[in-house]
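For reference, data19.txt is printed below; it contains compact mmCIF, C-alpha atoms.
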# COMPACT_ATOMS: atom_id res chain seq x y z
CA MET E 1 3.10 -22.05 -8.82
CA ILE E 2 6.49 -21.28 -10.33
CA LYS E 3 8.58 -24.23 -11.32
CA ARG E 4 11.58 -24.97 -9.13
CA SER E 5 14.12 -23.84 -11.73
CA GLY E 6 12.23 -20.61 -12.27
CA PHE E 7 12.09 -19.99 -8.53
CA HIS E 8 15.84 -20.41 -8.26
CA ILE E 9 16.28 -17.85 -11.03
CA LEU E 10 14.03 -15.46 -9.14
CA SER E 11 15.86 -16.00 -5.84
CA ARG E 12 19.35 -15.41 -7.23
CA GLY E 13 18.27 -12.54 -9.45
CA SER E 14 16.21 -10.78 -6.80
CA GLN E 15 19.08 -10.93 -4.30
CA ARG E 16 21.35 -9.16 -6.78
CA LEU E 17 18.59 -6.68 -7.56
CA GLN E 18 17.96 -5.90 -3.90
CA ALA E 19 21.66 -5.26 -3.32
CA SER E 20 22.08 -3.01 -6.34
CA PHE E 21 19.02 -0.88 -5.60
CA GLN E 22 19.19 -0.81 -1.80
CA ARG E 23 21.01 2.51 -1.58
CA SER E 24 18.83 4.33 -4.10
CA TYR E 25 15.66 2.91 -2.53
CA SER E 26 16.58 4.10 0.93
CA THR E 27 17.24 7.64 -0.29
CA SER E 28 14.90 8.32 -3.18
CA THR E 29 11.68 6.42 -2.45
CA GLN E 30 11.21 7.14 1.24
CA PRO E 31 8.71 9.95 1.89
CA GLN E 32 9.74 13.10 3.69
CA PRO E 33 9.00 13.14 6.53
CA GLU E 34 8.83 9.39 7.13
CA SER E 35 7.41 9.93 10.61
CA THR E 36 4.01 10.97 9.23
CA LEU E 37 3.70 7.79 7.23
CA ASN E 38 4.84 5.63 10.16
CA TYR E 39 2.39 7.35 12.48
CA TYR E 40 -0.55 6.27 10.36
CA ALA E 41 0.85 2.89 9.32
CA LYS E 42 1.20 1.80 12.97
CA ARG E 43 -2.47 2.45 13.66
CA ASN E 44 -5.05 -0.27 13.06
CA PRO E 45 -7.88 0.44 10.62
CA ARG E 46 -11.40 0.40 12.04
CA GLY E 47 -13.69 -2.15 10.48
CA VAL E 48 -17.11 -1.36 9.08
CA ASN E 49 -19.64 -3.71 7.46
CA ILE E 50 -22.40 -3.33 4.89
CA LYS E 51 -25.18 -3.40 7.51
CA GLN E 52 -23.59 -0.51 9.41
CA LEU E 53 -23.29 1.53 6.23
CA MET E 54 -26.90 0.82 5.28
CA ASP E 55 -28.23 1.61 8.76
CA HIS E 56 -26.26 4.84 8.82
CA GLY E 57 -27.50 5.86 5.37
CA LYS E 58 -31.21 5.04 5.80
CA THR E 59 -31.98 8.63 6.74
CA LEU E 60 -29.59 10.92 4.93
CA SER E 61 -28.84 14.32 6.39
CA LYS E 62 -25.95 16.75 6.41
CA LYS E 63 -25.23 15.64 9.96
CA SER E 64 -24.95 11.94 9.05
CA ILE E 65 -22.79 12.68 6.00
CA MET E 66 -20.57 14.96 8.11
CA THR E 67 -20.07 12.01 10.47
CA THR E 68 -18.92 9.71 7.66
CA GLY E 69 -16.71 12.48 6.25
CA LYS E 70 -14.95 12.97 9.59
CA TRP E 71 -14.53 9.20 9.94
CA LEU E 72 -13.00 8.94 6.47
CA HIS E 73 -10.72 11.89 7.17
CA GLU E 74 -9.21 9.89 10.03
CA GLU E 75 -9.43 6.45 8.43
CA LEU E 76 -8.13 6.92 4.89
CA PRO E 77 -4.58 8.00 5.84
CA ILE E 78 -4.29 4.87 8.00
CA ARG E 79 -5.38 2.53 5.22
CA LEU E 80 -3.29 4.25 2.57
CA ALA E 81 -0.19 4.29 4.78
CA ARG E 82 -0.58 0.56 5.40
CA GLN E 83 -0.77 0.08 1.62
CA VAL E 84 2.61 1.82 1.33
CA LYS E 85 4.09 -0.57 3.89
CA ALA E 86 2.59 -3.50 1.97
CA ILE E 87 4.36 -2.29 -1.17
CA ASP E 88 7.66 -1.99 0.71
CA VAL E 89 7.71 -5.72 1.54
CA LEU E 90 6.79 -7.07 -1.90
CA PRO E 91 9.22 -9.93 -2.70
CA PHE E 92 11.89 -10.32 -5.39
CA GLY E 93 12.56 -6.56 -5.55
CA LEU E 94 9.15 -5.82 -7.05
CA ALA E 95 8.85 -2.70 -4.86
CA LEU E 96 11.92 -1.26 -6.63
CA MET E 97 10.48 -1.32 -10.13
CA PRO E 98 9.71 2.13 -11.63
CA SER E 99 5.98 1.49 -12.08
CA VAL E 100 5.61 0.18 -8.52
CA ARG E 101 7.63 3.07 -7.12
CA ASN E 102 5.20 5.40 -8.90
CA ILE E 103 2.31 3.63 -7.16
CA ARG E 104 4.07 4.10 -3.84
CA SER E 105 4.69 7.78 -4.53
CA ARG E 106 1.00 8.32 -5.26
CA TYR E 107 0.01 6.64 -2.00
CA VAL E 108 2.53 8.69 -0.02
CA ALA E 109 1.32 11.91 -1.65
CA SER E 110 -2.28 10.97 -0.82
CA VAL E 111 -1.41 10.34 2.84
CA ASN E 112 0.27 13.74 3.01
CA GLU E 113 -2.68 15.50 1.36
CA LEU E 114 -5.15 13.93 3.77
CA HIS E 115 -2.88 14.66 6.72
CA SER E 116 -2.64 18.31 5.69
CA PHE E 117 -6.39 18.73 5.20
CA PRO E 118 -7.90 20.64 8.15
CA GLU E 119 -10.45 19.21 10.55
CA ILE E 120 -13.93 19.07 9.04
CA LYS E 121 -16.10 21.50 11.00
CA ASP E 122 -18.83 22.55 8.57
CA TRP E 123 -20.58 21.53 5.38
CA GLU E 124 -18.37 23.68 3.15
CA GLN E 125 -15.26 21.89 4.43
CA LEU E 126 -17.01 18.57 3.95
CA LEU E 127 -17.61 19.37 0.28
CA LYS E 128 -13.96 20.37 -0.15
CA PHE E 129 -12.91 17.10 1.46
CA SER E 130 -15.24 15.20 -0.87
CA ASN E 131 -13.61 16.89 -3.86
CA LEU E 132 -10.19 15.95 -2.51
CA ILE E 133 -10.97 12.25 -2.13
CA ARG E 134 -12.71 12.24 -5.52
CA ASP E 135 -9.45 13.47 -7.06
CA LEU E 136 -7.47 10.86 -5.12
CA PHE E 137 -9.92 8.19 -6.29
CA GLU E 138 -9.14 9.10 -9.90
CA LYS E 139 -5.37 9.39 -9.34
CA HIS E 140 -5.24 5.81 -8.07
CA SER E 141 -7.42 4.36 -10.83
CA SER E 142 -4.41 3.05 -12.78
CA THR E 143 -2.87 1.12 -9.87
CA LEU E 144 -3.76 -2.31 -11.27
CA ILE E 145 -2.19 -1.53 -14.67
CA SER E 146 0.90 -0.01 -13.03
CA MET E 147 1.41 -3.10 -10.88
CA ALA E 148 1.16 -5.32 -13.96
CA LYS E 149 3.81 -3.14 -15.62
CA GLY E 150 5.94 -3.52 -12.53
CA LEU E 151 5.82 -7.30 -12.82
CA LEU E 152 6.96 -7.05 -16.44
CA GLU E 153 9.75 -4.68 -15.46
CA LEU E 154 10.94 -7.07 -12.76
CA LYS E 155 10.86 -9.96 -15.19
CA GLN E 156 13.02 -7.99 -17.62
CA GLU E 157 15.38 -6.87 -14.84
CA LEU E 158 15.92 -10.45 -13.74
CA GLY E 159 16.46 -11.58 -17.33
CA ILE E 160 13.52 -13.97 -17.30
CA ILE E 161 12.28 -14.73 -20.80
CA GLY E 162 9.11 -16.79 -20.70
CA GLY E 163 8.96 -19.64 -18.20
CA ALA E 164 8.40 -18.36 -14.66
CA ASP E 165 5.22 -16.35 -14.17
CA LEU E 166 5.91 -13.89 -11.36
CA SER E 167 2.25 -13.31 -10.62
CA GLN E 168 1.86 -17.03 -9.85
CA SER E 169 4.63 -17.10 -7.25
CA VAL E 170 3.13 -18.07 -3.89
CA ASP E 171 4.80 -15.11 -2.16
CA VAL E 172 3.93 -12.55 -4.82
CA SER E 173 0.38 -13.82 -5.32
CA ALA E 174 -0.50 -13.81 -1.60
CA GLN E 175 0.83 -10.31 -1.02
CA LEU E 176 -0.77 -8.85 -4.14
CA ASP E 177 -4.10 -10.50 -3.23
CA SER E 178 -3.96 -8.80 0.16
CA PHE E 179 -2.90 -5.47 -1.36
CA PHE E 180 -5.70 -5.40 -3.94
CA THR E 181 -8.34 -6.66 -1.49
CA ASN E 182 -7.49 -3.73 0.78
CA ARG E 183 -7.55 -1.41 -2.23
CA ILE E 184 -11.09 -2.54 -3.07
CA GLY E 185 -12.16 -1.76 0.49
CA ILE E 186 -10.65 1.72 0.36
CA ARG E 187 -12.24 2.56 -2.98
CA PHE E 188 -15.61 1.22 -1.82
CA LEU E 189 -15.59 3.48 1.25
CA VAL E 190 -14.70 6.51 -0.88
CA ALA E 191 -17.35 5.70 -3.49
CA GLN E 192 -19.96 5.16 -0.77
CA HIS E 193 -19.29 8.54 0.81
CA LEU E 194 -19.33 10.38 -2.52
CA SER E 195 -22.56 8.67 -3.54
CA VAL E 196 -24.49 9.41 -0.33
CA THR E 197 -23.33 13.03 -0.54
CA GLU E 198 -24.82 13.30 -4.04
CA GLN E 199 -27.98 11.41 -3.02
CA LEU E 200 -28.73 13.96 -0.31
CA GLU E 201 -30.01 16.22 -3.11
CA LYS E 202 -30.68 13.59 -5.78
CA PRO E 203 -31.95 10.37 -4.17
CA VAL E 204 -31.63 7.17 -6.19
CA ARG E 205 -34.39 4.62 -5.74
CA ASP E 206 -33.36 1.37 -4.00
CA TYR E 207 -29.83 2.64 -3.35
CA ILE E 208 -27.98 3.80 -0.26
CA GLY E 209 -24.80 5.19 -1.73
CA VAL E 210 -23.47 2.46 -4.03
CA ILE E 211 -25.32 -0.26 -2.11
CA CYS E 212 -28.44 -1.64 -3.77
CA LYS E 213 -31.11 -2.59 -1.21
CA ASN E 214 -32.72 -5.09 -3.59
CA THR E 215 -29.70 -6.88 -4.98
CA SER E 216 -30.53 -9.98 -7.02
CA LEU E 217 -27.71 -12.51 -7.26
CA SER E 218 -29.40 -14.20 -10.21
CA LYS E 219 -29.58 -10.88 -12.07
CA ILE E 220 -25.90 -10.22 -11.34
CA ALA E 221 -25.03 -13.66 -12.73
CA ARG E 222 -27.14 -13.07 -15.86
CA ASP E 223 -25.61 -9.64 -16.41
CA ALA E 224 -22.10 -11.08 -15.98
CA ALA E 225 -22.84 -13.82 -18.51
CA HIS E 226 -24.26 -11.26 -20.94
CA ASP E 227 -21.20 -9.02 -20.56
CA ALA E 228 -18.84 -11.96 -21.05
CA SER E 229 -20.70 -12.99 -24.20
CA TYR E 230 -20.56 -9.45 -25.55
CA ILE E 231 -16.81 -9.19 -24.89
CA PHE E 232 -16.26 -12.54 -26.60
CA PHE E 233 -18.29 -11.33 -29.59
CA LEU E 234 -16.17 -8.16 -29.85
CA LEU E 235 -12.94 -10.16 -29.65
CA LEU E 236 -14.18 -12.55 -32.32
CA LEU E 237 -15.19 -9.65 -34.53
CA PHE E 238 -11.78 -8.06 -34.04
CA CYS E 239 -10.05 -11.32 -35.01
CA TYR E 240 -12.11 -11.59 -38.20
CA PHE E 241 -11.26 -7.96 -38.98
CA GLN E 242 -7.55 -8.65 -38.54
CA ILE E 243 -7.76 -11.68 -40.83
CA PHE E 244 -9.58 -9.61 -43.45
CA ILE E 245 -6.96 -6.82 -43.30
CA PHE E 246 -4.12 -9.36 -43.48
CA GLN E 247 -5.63 -11.01 -46.56
CA LEU E 248 -6.28 -7.62 -48.15
CA LEU E 249 -2.69 -6.48 -47.63
CA ASN E 250 -1.28 -9.73 -48.96
CA PHE E 251 -3.57 -9.91 -51.96
CA HIS E 252 -1.76 -9.77 -55.27
CA VAL E 253 -2.64 -10.37 -58.89
CA GLN E 254 -1.27 -13.63 -60.25
CA PRO E 255 0.99 -13.08 -63.31
CA GLN E 256 -0.59 -14.05 -66.61
Encoding of this model in structure tokens:
Amino acid sequence: MIKRSGFHILSRGSQRLQASFQRSYSTSTQPQPESTLNYYAKRNPRGVNIKQLMDHGKTLSKKSIMTTGKWLHEELPIRLARQVKAIDVLPFGLALMPSVRNIRSRYVASVNELHSFPEIKDWEQLLKFSNLIRDLFEKHSSTLISMAKGLLELKQELGIIGGADLSQSVDVSAQLDSFFTNRIGIRFLVAQHLSVTEQLEKPVRDYIGVICKNTSLSKIARDAAHDASYIFFLLLLFCYFQIFIFQLLNFHVQPQ
């Protein structure tokens, strides 16, 4: 949690920031038309669990994949629009930072693309829709990095040097946790649909989409430990390399 003095800095600074950017935010970051975004954002997303996805994907067919494609066509704009609204209410003026505004613009553009895509009536349209959401999946891959940049931009805008860690603010942390949890859900649904579409022609043993039917928690833990050890080894190797280069560059012949 941010120290009290740091929080006061954030409060005073963010109020000034909100006031100075309010006009530009209301004119330049709102999508046109706003009504489309609001239409989807006001609707509640429909929940789906792993068991339902597995039951639905046990017997793959064009008909079953068409069903999931139509469901996603209706569901994704709702979830993406609600992500936009989540960005809009980020505290301390975080939503006004250039990197975060770029994130918002990508979400708005994605909502508009999905809204404009025609109703899925045949397999050919389903494949076109799959290509569309694959492209959107890639376009949003840098969201985490962009949000981190946004936090740095806000810190610079507020004149905070060291001290307060914005990501540890109770308000910021809670809202970002919710935002990224929802993002994981969206990307999982997209990846699941794309995977089952590919597996219709190229089945993968023990998998329904991206879901493994024989998941071993112990194996996941071992793999995670192995990956962590490998990353640590690479970092250690990199540090030794830096030390070697530093010594090499600073080496000089002692005068006789």
Worksheet item: Which residues, written as an MDAnalysis selection string, have at least one atom at most 8 Å from Met97 in chain E, with all atoms listed in the file counted and residues fewer than 6 positions away on the same chain left out?
Response: chainID E and resid 150 153:154
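With distances taken over all atoms listed in the file, E:Met66 is the one residue among E:Leu189, E:Ile245, E:Ala225, E:Met66 lying closest to Leu127 in chain E.
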Worksheet item: Do you have the CA of Arg134 in chain E-CA of Leu96 in chain E distance handy?
Response: 28.1 Å
Fill in: Straight-line distance linking CA of Val204 in chain E with CA of Asn131 in chain E, stated in Å to one decimal
20.6 Å
Discussion item. I'd like the interatomic distance between CA of Pro91 in chain E and CA of Leu152 in chain E, to a tenth of an Å.
Written reply: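 CA of Leu152 in chain E lies at a distance of 14.2 Å from CA of Pro91 in chain E.
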Item to complete: Please provide the set of residues having any atom within 9 Å of Ile211 in chain E, restricted to all atoms listed in the file, with same-chain residues fewer than 5 positions apart removed, written as an MDAnalysis selection string.
Response: chainID E and resid 50 53:54 192 206
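Compared by their closest atoms to Ile87 in chain E, and using all atoms listed in the file, the residues E:Tyr40, E:Phe117, E:Phe129, E:Phe179 rank with E:Phe179 nearest.
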Worksheet item: When distances are computed from only C-alpha atoms, which of E:Trp71, E:Leu200, E:Gly185, E:Leu158 shows the smallest separation from Asn49 in chain E?
Response: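 Of the candidates, the smallest distance to Asn49 in chain E is held by E:Gly185.
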Fill in: Nearest-residue call for Arg104 in chain E, choices E:His140, E:His73, E:Lys128, E:Lys219, using all atoms listed in the file
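Closest to Arg104 in chain E of all the choices is E:His140.
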Worksheet entry | Minimum-distance residue to Gly57 in chain E, chosen among E:Gln247, E:Phe241, E:Ser110, E:Tyr207 (using only C-alpha atoms) |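 Checking each candidate against Gly57 in chain E, we get E:Tyr207 as the closest.
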Let me know the centre plus edge lengths, in Å and rounded to one decimal, of a box with edges along x, y and z that contains all listed atoms of range 74-86 of chain E and is padded by 4 Å on every side, as AutoDock Vina command-line options.
--center_x -2.7 --center_y 3.2 --center_z 5.7 --size_x 21.5 --size_y 21.4 --size_z 16.7
Worksheet, complete the sentence: Of E:Leu94, E:Leu237, E:Phe188, E:Ser229, the one sitting nearest Glu157 in chain E when using all atoms listed in the file is E:Leu94
Fill in: All residues 9 Å or closer to Arg79 in chain E, only C-alpha atoms, same chain fewer than 2 positions away omitted, as a PyMOL selection string
chain E and resi 40-41+43-45+75-77+81-84+182-183+186
